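Comments concern the structure below.
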Amino acid sequence: MRFQIGDFAMGFRDWFRRSPPSRTEPRIEFVGEQDGENERRLKAELLPLLAQYAEIERAYLARVGFQPGDASSVALCLITRHGDNQSLVRRIDEVFKRLVPANVFLDVAFLTALQEEDVNRVCRPFYHRATSTSPPQL
């Protein structure tokens, strides 16, 4: 699903234990990188999956906020050439479900170039599309 956040279009999914519903947020603020032992394990598990999709250029695991005063949540932020991809989102959900308790969720966001500029100010990508000179990174 595509929706507007301010002047930016963004695909967004909420991930719970059941079928992931879509939701719309009026704004998104990138707070920082989500990193720790469990997050590094998730990133490592996602690397081979992300590499299977030629349209994925970069991936970030970031803390994000939606409304002032609300607690931040975690989002897998993807930069792709073709926008959102339902098949990919389902496969990300399968990986995530194997690693975390049932009450934990992950937002998956497909970012625009301008949103990537914002997230890049507070977070480094953990995945880069491999080129002839640079392999995927963790």
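As shown in the structure tokens, the chain order sets the letters A, B, ...; within each chain, residues go from 1, and ligands are also counted from 1 in the order they appear.
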Within 9 Å of Asp35 (chain A), counting only C-alpha atoms, which residues show up once you throw out same-chain ones fewer than 3 positions away? Write them as a JSON list (two decimals) with C-alpha atoms, in the first residue's frame, please.
[["chain", "number", "residue", "atom", "x", "y", "z"],
["A", 38, "ASN", "CA", 19.15, -9.61, 18.93],
["A", 39, "GLU", "CA", 19.04, -6.96, 16.22],
["A", 40, "ARG", "CA", 22.37, -8.11, 14.77],
["A", 61, "LEU", "CA", 16.85, -1.12, 11.04],
["A", 62, "ALA", "CA", 15.76, 2.10, 12.70]]
Problem set entry | Of the listed residues A:Gly69, A:Leu76, A:Ala130, A:Val119, that which approaches Phe105 (chain A) most closely, counting only C-alpha atoms | A:Leu76
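Proximity to Arg58 (chain A) was assessed for A:Ala102, A:Ala109, A:Leu42, A:Ile79 counting only C-alpha atoms; the smallest distance is recorded for A:Ile79.
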For this session: Between A:Ala71, A:His82, A:Glu45, A:Phe30, single out the one closest to Glu57 (chain A), counting only C-alpha atoms.
Result: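 Under the stated criterion, the closest residue is A:His82.
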Exercise. Which parts of region 14-112 of chain A does DSSP call helix (DSSP H, G or I) when run on the backbone here, written out as a PyMOL selection string?
Worked result: chain A and resi 37-51+86-99
Could those selected residues go to a file with C-alpha atoms, as an mmCIF file, in the first residue's frame?
data_model
loop_
_atom_site.group_PDB
_atom_site.id
_atom_site.type_symbol
_atom_site.label_atom_id
_atom_site.label_comp_id
_atom_site.auth_asym_id
_atom_site.auth_seq_id
_atom_site.Cartn_x
_atom_site.Cartn_y
_atom_site.Cartn_z
ATOM 1 C CA GLU A 37 22.680 -8.615 19.977
ATOM 2 C CA ASN A 38 19.145 -9.607 18.926
ATOM 3 C CA GLU A 39 19.039 -6.958 16.219
ATOM 4 C CA ARG A 40 22.368 -8.106 14.774
ATOM 5 C CA ARG A 41 20.977 -11.639 14.638
ATOM 6 C CA LEU A 42 17.866 -10.405 12.811
ATOM 7 C CA LYS A 43 20.006 -8.433 10.373
ATOM 8 C CA ALA A 44 22.200 -11.475 9.707
ATOM 9 C CA GLU A 45 19.104 -13.619 9.055
ATOM 10 C CA LEU A 46 17.680 -10.995 6.688
ATOM 11 C CA LEU A 47 20.846 -10.534 4.593
ATOM 12 C CA PRO A 48 20.419 -13.657 2.399
ATOM 13 C CA LEU A 49 16.723 -12.918 1.950
ATOM 14 C CA LEU A 50 17.331 -9.313 0.906
ATOM 15 C CA ALA A 51 20.042 -10.434 -1.526
ATOM 16 C CA GLN A 86 3.932 -8.152 -0.762
ATOM 17 C CA SER A 87 5.925 -11.336 -1.295
ATOM 18 C CA LEU A 88 9.017 -9.837 0.297
ATOM 19 C CA VAL A 89 7.026 -8.520 3.252
ATOM 20 C CA ARG A 90 5.577 -11.988 3.933
ATOM 21 C CA ARG A 91 9.049 -13.531 3.820
ATOM 22 C CA ILE A 92 10.446 -10.881 6.191
ATOM 23 C CA ASP A 93 7.578 -11.708 8.549
ATOM 24 C CA GLU A 94 8.511 -15.415 8.458
ATOM 25 C CA VAL A 95 12.124 -14.635 9.424
ATOM 26 C CA PHE A 96 11.031 -12.215 12.142
ATOM 27 C CA LYS A 97 8.538 -14.685 13.681
ATOM 28 C CA ARG A 98 11.279 -17.292 14.093
ATOM 29 C CA LEU A 99 13.435 -14.917 16.143
#
